[in-house]
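What follows is a set of notes on a single structure, which appears directly below.
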Amino acid sequence: MNSDVQIAGDPLALPHLLPPVPSHPTTVAGFAGLARSIAADRAAWAPLVRYDTTTRWYYRLRRGPGYEVWLLSWVPGQGSGRHDHGASSGVLTVLEGVLTEHTATGPRTLAAGAQRVFAPGYVHEVVNDALTPAVSLHLYSPGLTAMPMHPGQAAAPGGAAAPSEVLAP
C-alpha cells in the first residue's frame with residue numbers, strides 16, 4: 001500500500017501549499033503600525049466594547065507570536081492606578097474619547113488617534129478625566145504577565161527609557 005507522501009508527494013517541497021507564516025512585528029514602529037491597523041478596523045472591535053461603571057472593562061482582542069492586544073473601556077472617572085507593565089513594552093492607542101496619562105513629567109491629554117509607546121518598567125497612570133466614555137487599545141510585547149502597582153508613588157520612568165509619542169494620521 002502506498003503512503004500519502006508516495007501518492008501526492010512531499011507537501012513541504014511545495015511551499016505554496018504551506019500556510020502563511022504569521023506576521024510578527026520586529027520593531028517599535030511595526031507594533032505601532034499593527035495597533036493602528038487594528039484600530040482602523042472599527043467593525044472588528046466596536047461591537048465588543050462594554051461599559052462598566054463598577055470596574056474598568058477589558059477584553060483580549062488578539063494574540064500573536066510574541067504579543068497580545070487588549071481592548072479597554074473607561075467611563076468618566078475611571079483610572080488604572082499608577083503601574084508599570086513588568087517586562088513588556090507597549091503601545092497605547094486611544095480609539096474613542098479622551099484619556100489623560102500621568103507620568104513623572106506631568107499629565108498628557110490623549111485624544112482619539114493618539115498613541116503612546118513605552119518600554120518595560122515605564123510607570124504611568126491612565127485616567128478618563130472627561131465627561132464622556134473612552135475606549136483604548138493596548139498592545140504588549142511580550143504578552144502582559146505582570147502589572148505591578150505603585151500606589152502613593154509619583155509616576156516615574158523607573159530607569160527605563162522614556163516613551164516616545166507617535167500620533168496616528
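We label chains A, B, ... in the order they appear in the C-alpha cells, count residues from 1 in each chain, and number ligands from 1 in the order shown.
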Legend entry - All alpha helix (DSSP H) residues (DSSP, backbone) inside region 23-76 of chain A, as a PyMOL selection string: chain A and resi 28-40+42-45
Legend entry - Spatial neighbours of Ser136 (chain A), 9 Å, only C-alpha atoms, chain gap at least 5 places, as number ranges by chain: A: 39, 70-74, 92-97, 99, 112
Give me the residues of region 45-110 of chain A that have any atom at most 9 Å from an atom of region 23-36 of chain A; for each, the nearest atom pair and the distance in Å, rounded to one decimal. Use only C-alpha atoms, sort by chain and number, and format it as JSON lines.
```
{"residue": "A:Gly64", "atom": "CA", "partner": "A:His24", "partner_atom": "CA", "distance": 7.2}
{"residue": "A:Pro65", "atom": "CA", "partner": "A:His24", "partner_atom": "CA", "distance": 6.3}
{"residue": "A:Gly66", "atom": "CA", "partner": "A:His24", "partner_atom": "CA", "distance": 7.4}
{"residue": "A:Tyr67", "atom": "CA", "partner": "A:His24", "partner_atom": "CA", "distance": 8.3}
{"residue": "A:Val69", "atom": "CA", "partner": "A:Ala35", "partner_atom": "CA", "distance": 8.1}
{"residue": "A:Ser89", "atom": "CA", "partner": "A:Val28", "partner_atom": "CA", "distance": 8.9}
{"residue": "A:Gly90", "atom": "CA", "partner": "A:Phe31", "partner_atom": "CA", "distance": 8.5}
{"residue": "A:Val91", "atom": "CA", "partner": "A:Ala32", "partner_atom": "CA", "distance": 6.2}
{"residue": "A:Leu92", "atom": "CA", "partner": "A:Ala35", "partner_atom": "CA", "distance": 8.2}
{"residue": "A:Thr93", "atom": "CA", "partner": "A:Ala35", "partner_atom": "CA", "distance": 7.0}
```
Inset, instruction - Could you give me, as a PyMOL selection string, each residue of region 46-131 of chain A that DSSP assigns to strand (DSSP E) when run on this structure's backbone? - result: chain A and resi 57-64+67-74+89-96+98-103+106-111+114-118+125-127
Kindly export the residues of the current selection with N, CA and C atoms, as a short mmCIF file (atom, residue, chain, number, x, y, z; two decimals), in the first residue's frame.
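Final output, saved to selection_17.cif:
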```
data_model
loop_
_atom_site.label_atom_id
_atom_site.label_comp_id
_atom_site.auth_asym_id
_atom_site.auth_seq_id
_atom_site.Cartn_x
_atom_site.Cartn_y
_atom_site.Cartn_z
N TRP A 57 -13.54 47.85 32.18
CA TRP A 57 -13.83 46.69 31.36
C TRP A 57 -12.65 46.47 30.40
N TYR A 58 -12.28 45.21 30.19
CA TYR A 58 -11.21 44.88 29.25
C TYR A 58 -11.50 43.54 28.58
N TYR A 59 -10.92 43.38 27.40
CA TYR A 59 -11.15 42.18 26.59
C TYR A 59 -9.90 41.92 25.77
N ARG A 60 -9.38 40.69 25.83
CA ARG A 60 -8.23 40.36 24.99
C ARG A 60 -8.73 40.17 23.57
N LEU A 61 -8.32 41.06 22.71
CA LEU A 61 -8.80 41.10 21.33
C LEU A 61 -8.02 40.17 20.42
N ARG A 62 -6.71 40.05 20.69
CA ARG A 62 -5.89 39.25 19.77
C ARG A 62 -4.62 38.80 20.48
N ARG A 63 -4.15 37.63 20.06
CA ARG A 63 -2.84 37.12 20.46
C ARG A 63 -2.07 36.82 19.20
N GLY A 64 -0.81 37.13 19.23
CA GLY A 64 0.04 36.80 18.10
C GLY A 64 1.34 36.25 18.64
N TYR A 67 3.15 38.75 21.17
CA TYR A 67 2.39 39.95 21.57
C TYR A 67 0.94 39.58 21.86
N GLU A 68 0.25 40.51 22.52
CA GLU A 68 -1.20 40.40 22.70
C GLU A 68 -1.79 41.80 22.66
N VAL A 69 -3.08 41.86 22.31
CA VAL A 69 -3.78 43.13 22.16
C VAL A 69 -5.03 43.11 23.03
N TRP A 70 -5.20 44.17 23.82
CA TRP A 70 -6.34 44.30 24.72
C TRP A 70 -7.16 45.52 24.33
N LEU A 71 -8.47 45.40 24.49
CA LEU A 71 -9.41 46.48 24.28
C LEU A 71 -9.94 46.87 25.65
N LEU A 72 -9.91 48.16 25.99
CA LEU A 72 -10.38 48.64 27.30
C LEU A 72 -11.38 49.76 27.12
N SER A 73 -12.36 49.81 28.02
CA SER A 73 -13.26 50.96 28.04
C SER A 73 -13.11 51.68 29.37
N TRP A 74 -13.39 52.96 29.33
CA TRP A 74 -13.20 53.83 30.50
C TRP A 74 -14.42 54.74 30.61
N SER A 89 6.93 45.74 26.73
CA SER A 89 6.84 47.05 26.09
C SER A 89 5.39 47.20 25.65
N GLY A 90 4.97 48.42 25.37
CA GLY A 90 3.58 48.59 25.00
C GLY A 90 3.32 49.73 24.03
N VAL A 91 2.15 49.64 23.43
CA VAL A 91 1.62 50.71 22.59
C VAL A 91 0.18 50.94 23.05
N LEU A 92 -0.11 52.14 23.53
CA LEU A 92 -1.45 52.53 23.93
C LEU A 92 -2.01 53.40 22.82
N THR A 93 -3.17 53.05 22.30
CA THR A 93 -3.83 53.80 21.24
C THR A 93 -5.23 54.18 21.71
N VAL A 94 -5.55 55.45 21.69
CA VAL A 94 -6.90 55.89 22.07
C VAL A 94 -7.79 55.77 20.84
N LEU A 95 -8.88 55.00 21.00
CA LEU A 95 -9.80 54.76 19.89
C LEU A 95 -10.96 55.74 19.88
N GLU A 96 -11.49 56.03 21.07
CA GLU A 96 -12.62 56.96 21.21
C GLU A 96 -12.44 57.74 22.49
N VAL A 98 -11.28 60.76 25.22
CA VAL A 98 -10.04 61.41 25.64
C VAL A 98 -9.59 60.79 26.95
N LEU A 99 -8.31 60.43 27.02
CA LEU A 99 -7.71 59.92 28.25
C LEU A 99 -6.57 60.84 28.67
N THR A 100 -6.25 60.82 29.96
CA THR A 100 -5.12 61.58 30.48
C THR A 100 -4.10 60.59 31.01
N GLU A 101 -2.86 60.72 30.55
CA GLU A 101 -1.77 59.90 31.05
C GLU A 101 -0.95 60.76 32.01
N HIS A 102 -0.77 60.27 33.24
CA HIS A 102 0.03 60.95 34.25
C HIS A 102 1.37 60.25 34.35
N THR A 103 2.45 61.02 34.19
CA THR A 103 3.81 60.50 34.28
C THR A 103 4.63 61.43 35.16
N GLY A 106 4.49 65.01 34.15
CA GLY A 106 3.20 65.70 34.21
C GLY A 106 2.14 65.01 33.38
N PRO A 107 0.93 65.58 33.38
CA PRO A 107 -0.17 64.97 32.63
C PRO A 107 -0.06 65.25 31.13
N ARG A 108 -0.57 64.32 30.35
CA ARG A 108 -0.62 64.47 28.90
C ARG A 108 -2.01 64.03 28.45
N THR A 109 -2.68 64.87 27.68
CA THR A 109 -4.00 64.56 27.16
C THR A 109 -3.85 63.75 25.88
N LEU A 110 -4.56 62.64 25.81
CA LEU A 110 -4.51 61.75 24.64
C LEU A 110 -5.92 61.66 24.05
N ALA A 111 -6.11 62.29 22.90
CA ALA A 111 -7.40 62.25 22.21
C ALA A 111 -7.42 61.07 21.26
N ALA A 114 -4.43 59.24 19.17
CA ALA A 114 -3.10 59.38 19.77
C ALA A 114 -2.56 58.01 20.18
N GLN A 115 -1.25 57.88 20.09
CA GLN A 115 -0.58 56.66 20.53
C GLN A 115 0.55 57.03 21.47
N ARG A 116 0.81 56.16 22.44
CA ARG A 116 1.96 56.26 23.33
C ARG A 116 2.69 54.94 23.25
N VAL A 117 3.99 55.00 23.10
CA VAL A 117 4.84 53.82 23.04
C VAL A 117 5.73 53.86 24.27
N PHE A 118 5.83 52.74 24.99
CA PHE A 118 6.64 52.74 26.21
C PHE A 118 7.42 51.46 26.37
N GLU A 125 0.00 56.37 34.89
CA GLU A 125 -1.39 56.17 35.29
C GLU A 125 -2.25 56.75 34.17
N VAL A 126 -3.28 56.03 33.79
CA VAL A 126 -4.19 56.48 32.74
C VAL A 126 -5.56 56.68 33.39
N VAL A 127 -6.17 57.84 33.10
CA VAL A 127 -7.45 58.20 33.72
C VAL A 127 -8.36 58.81 32.66
#
```
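Proximity ranking of A:Gln78, A:Thr145, A:Thr53, A:Ser88 relative to Ala119 (chain A) places A:Ser88 first, based on only C-alpha atoms.
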Inset, instruction - Can you work out the spacing between CA of Ala44 (chain A) and CA of Pro142 (chain A) in Å, to one decimal? - result: 22.9 Å
